[in-house]
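Peer 1: My structure is in final.csv, and what it holds is CSV, C-alpha atoms:
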chain,number,residue,atom,x,y,z
A,1055,MET,CA,-29.4,24.8,8.7
A,1056,GLU,CA,-25.7,25.7,8.8
A,1057,LYS,CA,-25.5,24.2,12.2
A,1058,LEU,CA,-26.9,20.9,11.0
A,1059,LEU,CA,-24.6,20.9,8.0
A,1060,PHE,CA,-21.5,21.6,10.1
A,1061,TYR,CA,-22.3,18.8,12.5
A,1062,THR,CA,-22.8,16.5,9.6
A,1063,PHE,CA,-19.5,17.4,8.2
A,1064,ALA,CA,-17.8,17.1,11.6
A,1065,LEU,CA,-19.3,13.6,12.1
A,1066,LEU,CA,-18.2,12.6,8.6
A,1067,ILE,CA,-14.7,13.9,9.1
A,1068,ILE,CA,-14.2,12.2,12.5
A,1069,GLY,CA,-15.8,8.9,11.5
A,1070,PHE,CA,-13.8,8.6,8.3
A,1071,ALA,CA,-10.6,9.6,10.0
A,1072,VAL,CA,-11.1,6.9,12.6
A,1073,ALA,CA,-11.8,4.4,9.9
A,1074,SER,CA,-8.8,5.6,8.0
A,1075,VAL,CA,-6.3,5.0,10.8
A,1076,SER,CA,-8.0,1.7,11.9
A,1077,SER,CA,-8.8,0.0,8.6
A,1078,ARG,CA,-6.7,-3.1,7.8
A,1079,ASN,CA,-7.0,-2.7,4.1
A,1080,MET,CA,-4.6,-0.1,2.9
A,1081,LEU,CA,-6.5,0.9,-0.2
A,1082,ARG,CA,-9.7,1.4,1.8
A,1083,SER,CA,-7.7,3.5,4.3
A,1084,VAL,CA,-6.6,5.8,1.5
A,1085,VAL,CA,-10.2,6.2,0.2
A,1086,TYR,CA,-11.4,7.0,3.7
A,1087,LEU,CA,-8.7,9.7,3.8
A,1088,LEU,CA,-10.2,11.1,0.6
A,1089,PHE,CA,-13.6,11.4,2.3
A,1090,VAL,CA,-12.0,13.2,5.2
A,1091,LEU,CA,-10.4,15.7,2.9
A,1092,ILE,CA,-13.6,16.3,1.0
A,1093,GLY,CA,-15.4,16.9,4.3
A,1094,ILE,CA,-12.8,19.4,5.3
A,1095,ALA,CA,-13.2,21.2,1.9
A,1096,GLY,CA,-16.9,21.3,2.8
A,1097,VAL,CA,-16.1,23.1,6.0
A,1098,TYR,CA,-14.0,25.6,4.1
A,1099,PHE,CA,-17.0,26.2,1.7
A,1100,MET,CA,-19.2,26.9,4.7
A,1101,ALA,CA,-16.7,29.4,6.0
A,1102,ASP,CA,-16.8,31.4,2.7
A,1103,TYR,CA,-13.2,30.4,1.7
A,1104,TYR,CA,-14.1,29.2,-1.7
A,1105,PHE,CA,-10.5,29.5,-3.1
A,1106,LEU,CA,-9.1,27.4,-0.2
A,1107,ALA,CA,-11.8,24.8,-0.7
A,1108,ALA,CA,-10.9,24.6,-4.4
A,1109,VAL,CA,-7.2,24.2,-3.5
A,1110,GLN,CA,-8.0,21.6,-1.0
A,1111,LEU,CA,-10.0,19.6,-3.5
A,1112,ALA,CA,-7.5,20.0,-6.3
A,1113,VAL,CA,-4.3,19.5,-4.5
A,1114,TYR,CA,-5.3,17.0,-1.7
A,1115,ALA,CA,-8.2,15.1,-3.1
A,1116,GLY,CA,-6.9,15.3,-6.7
A,1117,GLY,CA,-3.1,15.1,-6.4
A,1118,ILE,CA,-2.0,13.6,-3.1
A,1119,ILE,CA,-4.7,10.9,-2.9
A,1120,VAL,CA,-3.8,9.8,-6.5
A,1121,LEU,CA,-0.1,9.8,-5.5
A,1122,ILE,CA,-0.7,7.7,-2.4
A,1123,ILE,CA,-3.0,5.3,-4.3
A,1124,PHE,CA,-0.3,4.8,-6.9
A,1125,SER,CA,2.3,4.1,-4.2
A,1126,VAL,CA,-0.1,1.6,-2.6
A,1127,LEU,CA,-0.7,-0.2,-5.9
A,1128,LEU,CA,2.9,-0.3,-6.8
A,1129,VAL,CA,4.3,-1.3,-3.4
A,1130,HIS,CA,1.5,-3.4,-1.8
A,1131,HIS,CA,-0.4,-6.5,-2.7
A,1132,ILE,CA,-4.1,-5.7,-2.5
A,1133,GLU,CA,-5.2,-8.9,-0.9
A,1134,MET,CA,-2.6,-8.5,1.9
A,1135,GLU,CA,-4.0,-7.4,5.2
A,1136,LEU,CA,-2.1,-5.0,7.3
A,1137,GLU,CA,-0.8,-6.2,10.6
A,1138,VAL,CA,-2.0,-4.3,13.6
A,1139,ALA,CA,0.1,-3.2,16.5
A,1140,LYS,CA,-0.1,-5.0,19.8
A,1141,LEU,CA,-3.2,-4.4,21.9
A,1142,SER,CA,-1.2,-3.0,24.8
A,1143,ARG,CA,0.5,-0.5,22.5
A,1144,ARG,CA,-2.8,0.6,21.0
A,1145,LEU,CA,-4.3,1.0,24.4
A,1146,LEU,CA,-1.3,3.0,25.7
A,1147,VAL,CA,-1.3,5.3,22.6
A,1148,GLY,CA,-5.0,5.7,22.8
A,1149,ALA,CA,-4.9,6.7,26.4
A,1150,THR,CA,-2.1,9.2,25.8
A,1151,CYS,CA,-4.0,10.7,22.9
A,1152,LEU,CA,-7.2,11.0,25.0
A,1153,LEU,CA,-5.1,12.7,27.7
A,1154,GLY,CA,-3.6,15.1,25.2
A,1155,LEU,CA,-7.1,15.8,23.8
A,1156,GLY,CA,-8.3,16.5,27.3
A,1157,VAL,CA,-5.5,19.1,27.8
A,1158,PHE,CA,-6.3,20.7,24.4
A,1159,LEU,CA,-10.1,20.9,25.0
A,1160,GLY,CA,-9.5,22.2,28.5
A,1161,THR,CA,-7.4,25.0,27.2
A,1162,ILE,CA,-9.8,25.7,24.3
A,1163,TYR,CA,-12.9,25.9,26.5
A,1164,THR,CA,-11.3,28.1,29.2
A,1165,HIS,CA,-9.6,30.5,26.9
A,1166,PRO,CA,-11.7,33.7,26.4
A,1167,PHE,CA,-11.8,34.0,22.6
A,1168,VAL,CA,-12.8,37.5,21.4
A,1169,GLU,CA,-14.7,36.8,18.3
A,1170,ALA,CA,-14.9,39.6,15.8
A,1171,SER,CA,-18.4,41.0,15.4
A,1172,THR,CA,-18.0,42.0,11.7
A,1173,THR,CA,-17.5,39.5,8.9
A,1174,ALA,CA,-15.9,40.4,5.7
A,1175,PRO,CA,-16.3,38.4,2.5
A,1176,THR,CA,-13.1,36.9,1.1
A,1177,THR,CA,-12.4,37.3,-2.6
A,1178,VAL,CA,-9.8,35.4,-4.6
A,1179,GLU,CA,-8.6,38.7,-5.9
A,1180,ALA,CA,-7.6,39.8,-2.4
A,1181,ILE,CA,-5.7,36.5,-1.8
A,1182,GLY,CA,-3.9,36.9,-5.1
A,1183,LEU,CA,-2.9,40.5,-4.5
A,1184,LEU,CA,-1.6,39.6,-1.0
A,1185,LEU,CA,0.4,36.7,-2.3
A,1186,LEU,CA,2.1,38.8,-5.0
A,1187,SER,CA,2.5,42.0,-3.0
A,1188,TYR,CA,6.0,43.2,-2.2
A,1189,GLU,CA,5.0,45.9,0.2
A,1190,ALA,CA,5.2,45.5,3.9
A,1191,GLY,CA,3.3,42.4,4.9
A,1192,GLY,CA,3.3,41.1,1.4
A,1193,PHE,CA,4.0,37.4,0.6
A,1194,ILE,CA,6.0,37.6,-2.6
A,1195,LEU,CA,9.2,36.2,-1.0
A,1196,PRO,CA,7.6,33.1,0.6
A,1197,PHE,CA,5.6,32.6,-2.6
A,1198,GLU,CA,8.9,32.4,-4.6
A,1199,VAL,CA,10.5,30.2,-2.0
A,1200,ILE,CA,7.6,27.8,-2.1
A,1201,SER,CA,7.9,27.6,-5.9
A,1202,ILE,CA,11.6,26.8,-5.6
A,1203,LEU,CA,10.7,24.2,-2.9
A,1204,LEU,CA,8.2,22.5,-5.2
A,1205,LEU,CA,10.8,22.4,-8.1
A,1206,ALA,CA,13.4,21.0,-5.7
A,1207,ALA,CA,11.0,18.4,-4.4
A,1208,MET,CA,10.0,17.3,-7.9
A,1209,ILE,CA,13.6,16.9,-9.0
A,1210,GLY,CA,14.5,15.2,-5.7
A,1211,ALA,CA,11.6,12.8,-6.0
A,1212,ILE,CA,12.6,11.8,-9.5
A,1213,THR,CA,16.2,11.2,-8.5
A,1214,ILE,CA,15.3,9.2,-5.4
A,1215,ALA,CA,12.8,7.1,-7.1
A,1216,LYS,CA,15.1,6.3,-10.0
A,1217,GLY,CA,18.2,5.3,-8.0
A,1218,GLY,CA,18.8,2.2,-5.8
A,1219,GLY,CA,18.1,-1.4,-6.3
A,1220,PRO,CA,17.9,-4.7,-4.4
A,1221,VAL,CA,20.7,-4.8,-1.9
A,1222,ALA,CA,21.3,-8.5,-2.3
A,1223,GLU,CA,21.8,-8.4,-6.0
A,1224,GLU,CA,23.6,-5.1,-5.8
A,1225,SER,CA,26.4,-6.4,-3.6
A,1226,LYS,CA,27.4,-9.1,-6.1
A,1227,THR,CA,27.1,-7.0,-9.2
A,1228,PRO,CA,27.5,-3.3,-8.7
A,1229,ALA,CA,26.3,-2.8,-12.3
A,1230,PRO,CA,25.0,0.4,-13.7
A,1231,ARG,CA,21.7,-1.5,-14.1
A,1232,THR,CA,20.0,0.5,-11.4
A,1233,GLU,CA,20.1,3.7,-13.4
A,1234,GLU,CA,18.4,2.2,-16.4
A,1235,VAL,CA,15.6,0.4,-14.6
A,1236,PRO,CA,12.5,2.6,-14.7
A,1237,LEU,CA,10.0,2.5,-12.0
A,1238,VAL,CA,7.5,0.4,-14.1
A,1239,ALA,CA,10.0,-2.4,-14.5
A,1240,THR,CA,10.3,-2.8,-10.7
A,1241,ALA,CA,6.6,-2.8,-10.4
A,1242,ARG,CA,6.3,-5.5,-12.9
A,1243,GLN,CA,8.9,-7.6,-11.1
A,1244,ALA,CA,6.9,-7.2,-7.9
A,1245,GLU,CA,3.5,-7.9,-9.3
A,1246,PRO,CA,3.8,-11.5,-10.6
A,1247,ALA,CA,4.8,-12.7,-7.1
A,1248,PRO,CA,1.3,-13.2,-5.7
A,1249,ALA,CA,-0.1,-14.7,-8.9
A,1250,PRO,CA,1.2,-18.3,-8.4
A,1251,VAL,CA,-0.2,-18.3,-4.9
A,1252,LEU,CA,-3.6,-17.4,-6.2
A,1253,ASP,CA,-3.5,-20.0,-9.0
A,1254,ALA,CA,-2.0,-22.8,-6.9
A,1255,PRO,CA,-5.1,-24.3,-5.4
A,1256,GLU,CA,-6.8,-24.6,-8.8
A,1257,LEU,CA,-3.7,-26.3,-10.2
A,1258,VAL,CA,-3.3,-28.7,-7.3
A,1259,ALA,CA,-7.0,-29.5,-7.0
A,1260,PRO,CA,-7.4,-32.1,-9.8
B,42,MET,CA,-17.9,32.8,10.0
B,43,ILE,CA,-20.3,29.9,10.0
B,44,PRO,CA,-23.7,31.1,11.5
B,45,GLY,CA,-24.6,29.4,14.8
B,46,ILE,CA,-21.2,27.7,15.2
B,47,SER,CA,-18.7,29.1,17.7
B,48,ILE,CA,-15.0,28.9,17.4
B,49,THR,CA,-14.6,26.4,20.2
B,50,GLU,CA,-16.6,23.8,18.3
B,51,VAL,CA,-14.4,24.2,15.2
B,52,LEU,CA,-11.3,24.0,17.4
B,53,THR,CA,-12.7,20.9,19.0
B,54,LEU,CA,-13.1,19.3,15.6
B,55,SER,CA,-9.6,20.1,14.6
B,56,SER,CA,-8.2,18.8,17.9
B,57,ILE,CA,-10.0,15.5,17.6
B,58,LEU,CA,-8.7,15.2,14.0
B,59,PHE,CA,-5.2,16.0,15.2
B,60,PHE,CA,-5.2,13.3,17.9
B,61,ILE,CA,-6.7,10.7,15.5
B,62,GLY,CA,-3.7,11.5,13.3
B,63,VAL,CA,-1.3,11.1,16.2
B,64,TYR,CA,-2.9,7.8,17.2
B,65,GLY,CA,-2.5,6.5,13.6
B,66,PHE,CA,1.1,7.8,13.5
B,67,MET,CA,2.0,5.8,16.6
B,68,THR,CA,0.2,2.6,16.0
B,69,ARG,CA,0.5,1.9,12.3
B,70,THR,CA,3.3,-0.4,11.3
B,71,ASN,CA,3.4,0.6,7.6
B,72,LEU,CA,5.1,3.6,6.0
B,73,ILE,CA,2.2,4.5,3.7
B,74,SER,CA,-0.2,4.4,6.6
B,75,VAL,CA,2.1,6.7,8.6
B,76,LEU,CA,2.0,9.1,5.6
B,77,ILE,CA,-1.8,9.0,5.7
B,78,SER,CA,-1.7,9.9,9.4
B,79,VAL,CA,0.7,12.8,8.7
B,80,GLU,CA,-1.8,14.1,6.2
B,81,LEU,CA,-4.5,14.1,8.9
B,82,ILE,CA,-2.3,16.0,11.3
B,83,LEU,CA,-1.4,18.6,8.6
B,84,ASN,CA,-5.1,19.0,7.7
B,85,ALA,CA,-6.0,19.6,11.4
B,86,SER,CA,-3.4,22.4,11.5
B,87,VAL,CA,-4.8,24.0,8.3
B,88,ILE,CA,-8.3,24.0,9.8
B,89,ASN,CA,-6.9,25.8,12.8
B,90,PHE,CA,-5.2,28.5,10.7
B,91,VAL,CA,-8.3,29.1,8.5
B,92,MET,CA,-10.8,29.2,11.3
B,93,ILE,CA,-8.9,31.4,13.7
B,94,ASN,CA,-8.4,33.8,10.8
B,95,LYS,CA,-12.1,33.7,10.0
B,96,TYR,CA,-13.4,34.1,13.5
B,97,LEU,CA,-10.9,36.4,15.2
B,98,PHE,CA,-9.5,38.5,12.4
B,99,PRO,CA,-11.9,38.4,9.5
B,100,GLU,CA,-10.5,41.4,7.7
B,101,LEU,CA,-7.0,39.9,7.4
B,102,LEU,CA,-5.9,37.1,5.1
B,103,GLN,CA,-2.7,35.8,6.7
B,104,GLY,CA,-4.3,32.6,7.8
B,105,VAL,CA,-5.5,31.7,4.3
B,106,VAL,CA,-2.1,32.5,2.8
B,107,TYR,CA,-0.3,30.3,5.4
B,108,SER,CA,-2.8,27.5,4.7
B,109,ILE,CA,-1.9,27.6,1.0
B,110,PHE,CA,1.8,27.4,2.0
B,111,ILE,CA,1.1,24.4,4.3
B,112,ILE,CA,-0.8,22.6,1.5
B,113,ALA,CA,2.1,23.2,-0.9
B,114,VAL,CA,4.6,21.9,1.6
B,115,ALA,CA,2.4,18.9,2.3
B,116,ALA,CA,2.3,18.1,-1.5
B,117,ALA,CA,6.1,18.4,-1.7
B,118,GLU,CA,6.5,16.2,1.4
B,119,THR,CA,4.1,13.5,0.1
B,120,ALA,CA,5.9,13.4,-3.3
B,121,LEU,CA,9.3,13.0,-1.6
B,122,ALA,CA,8.0,10.4,0.9
B,123,VAL,CA,6.4,8.3,-1.8
B,124,ALA,CA,9.7,8.4,-3.7
B,125,ILE,CA,11.6,7.3,-0.6
B,126,ILE,CA,9.1,4.5,0.0
B,127,PHE,CA,9.6,3.3,-3.6
B,128,ASN,CA,13.4,3.3,-3.2
B,129,LEU,CA,13.1,1.5,0.1
B,130,TYR,CA,10.8,-1.1,-1.4
B,131,LYS,CA,13.3,-1.8,-4.1
B,132,GLN,CA,16.0,-2.3,-1.5
B,133,VAL,CA,14.3,-4.3,1.2
B,134,SER,CA,11.1,-5.4,-0.5
B,135,SER,CA,8.9,-4.2,2.3
B,136,VAL,CA,7.3,-1.0,3.5
B,137,ALA,CA,7.0,-2.1,7.2
B,138,VAL,CA,8.5,0.4,9.6
B,139,ARG,CA,10.3,-2.4,11.4
B,140,GLU,CA,12.2,-3.5,8.3
B,141,THR,CA,13.7,-0.1,7.7
B,142,GLU,CA,16.6,-0.2,10.1
B,143,THR,CA,19.5,1.1,7.9
B,144,MET,CA,19.6,4.5,6.3
B,145,LYS,CA,22.6,3.6,4.1
B,146,TYR,CA,24.1,0.4,2.8
Would you write out, as structure tokens, the structure that this file holds?

Peer 2:
Amino acid sequence: MEKLLFYTFALLIIGFAVASVSSRNMLRSVVYLLFVLIGIAGVYFMADYYFLAAVQLAVYAGGIIVLIIFSVLLVHHIEMELEVAKLSRRLLVGATCLLGLGVFLGTIYTHPFVEASTTAPTTVEAIGLLLLSYEAGGFILPFEVISILLLAAMIGAITIAKGGGPVAEESKTPAPRTEEVPLVATARQAEPAPAPVLDAPELVAP
Amino acid sequence: MIPGISITEVLTLSSILFFIGVYGFMTRTNLISVLISVELILNASVINFVMINKYLFPELLQGVVYSIFIIAVAAAETALAVAIIFNLYKQVSSVAVRETETMKY
């Protein structure tokens, strides 16, 4: 039963990952990535790491996917199709990846793994105690460093996303305009652009 | 550990996922798609950490803790990358990799 479930998850992950890197519609590619992440969370559930599966679902499937979908919607026009790389480039990269995969699999299948015979259940309590332990082998310092990193990334993301403006307009008028333009205004400027193209045939037709 | 599944099968899964991510990273011509590929690569590494912990050292928890750190770093990295892509889009009106030639104007 577990074997069947694992192979289902593996097929799901690999199939959606391939679809995600080869889809020409960017929004679809993000949704395929969501399915890959959910499949990986399923694998964690099967390995008894419930806390990690919950973190995977909350942070990746909940946070990062929403962030990427927002960026796709703000930056990209939905009806636009992605250009694909040249065929020769794709073939070359594919061959290189297959070669690398061969090296990886050769190493994995020849290395003598000593699998532990016992299996211990993992509790959330143990993970929390280890994360906040300041004895030898505890993770309190990396935990605090990660929290500082997240704070710094948040402030940095706000600063970067606020600043800047179109280069062409900027060179003529180096006005303080850029600091007052919120993100939404820029998105609104970008959005009306495809609308005339859509409406044009109906207007011209009569 | 997952009953009936050996560690080599799990590592095969994560290797395939890693190289799919590398393939996307090299062939996509769009910054957001490159970001998606980086997420695939990071997830493959997290699977490796977790499963090696589970199969080889089941009484320790170091792999789980490092996976949580990797997920946190990935979240920070995605937020920053999305901010940079917004800023770039405001300046050059494009998110294609080819258009982003200058770092500073």

Peer 1: Set the cut-off to 6 Å and count only C-alpha atoms: what are the residues of chain B that reach chain A? Output as a PyMOL selection string.

Peer 2: chain B and resi 42-43+45+60+65+68+96-97+99-100+117+121+124+128+131-132

Peer 1: Write the residues of the preceding selection, restricted to C-alpha atoms, as an mmCIF file, keeping the file's coordinate frame.

Peer 2:
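Once written, selection16.cif looks like this:
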data_model
loop_
_atom_site.group_PDB
_atom_site.id
_atom_site.type_symbol
_atom_site.label_atom_id
_atom_site.label_comp_id
_atom_site.auth_asym_id
_atom_site.auth_seq_id
_atom_site.Cartn_x
_atom_site.Cartn_y
_atom_site.Cartn_z
ATOM 1 C CA MET B 42 -17.900 32.800 10.000
ATOM 2 C CA ILE B 43 -20.300 29.900 10.000
ATOM 3 C CA GLY B 45 -24.600 29.400 14.800
ATOM 4 C CA PHE B 60 -5.200 13.300 17.900
ATOM 5 C CA GLY B 65 -2.500 6.500 13.600
ATOM 6 C CA THR B 68 0.200 2.600 16.000
ATOM 7 C CA TYR B 96 -13.400 34.100 13.500
ATOM 8 C CA LEU B 97 -10.900 36.400 15.200
ATOM 9 C CA PRO B 99 -11.900 38.400 9.500
ATOM 10 C CA GLU B 100 -10.500 41.400 7.700
ATOM 11 C CA ALA B 117 6.100 18.400 -1.700
ATOM 12 C CA LEU B 121 9.300 13.000 -1.600
ATOM 13 C CA ALA B 124 9.700 8.400 -3.700
ATOM 14 C CA ASN B 128 13.400 3.300 -3.200
ATOM 15 C CA LYS B 131 13.300 -1.800 -4.100
ATOM 16 C CA GLN B 132 16.000 -2.300 -1.500
#

Peer 1: Interatomic distance between atom CA of Ser74 of chain B and atom CA of Met92 of chain B?

Peer 2: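 Going from atom CA of Ser74 of chain B over to atom CA of Met92 of chain B covers 27.4 Å.
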
Peer 1: Find the distance between atom CA of Gly1096 of chain A and atom CA of Asn1079 of chain A and write it in Å to one decimal.

Peer 2: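 For atom CA of Gly1096 of chain A relative to atom CA of Asn1079 of chain A, the distance reads 26.0 Å.
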
Peer 1: Calculate how many Å separate atom CA of Arg1082 of chain A from atom CA of Gly62 of chain B, rounding to one decimal.

Peer 2: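 Computing the Euclidean distance for atom CA of Arg1082 of chain A and atom CA of Gly62 of chain B yields 16.4 Å.
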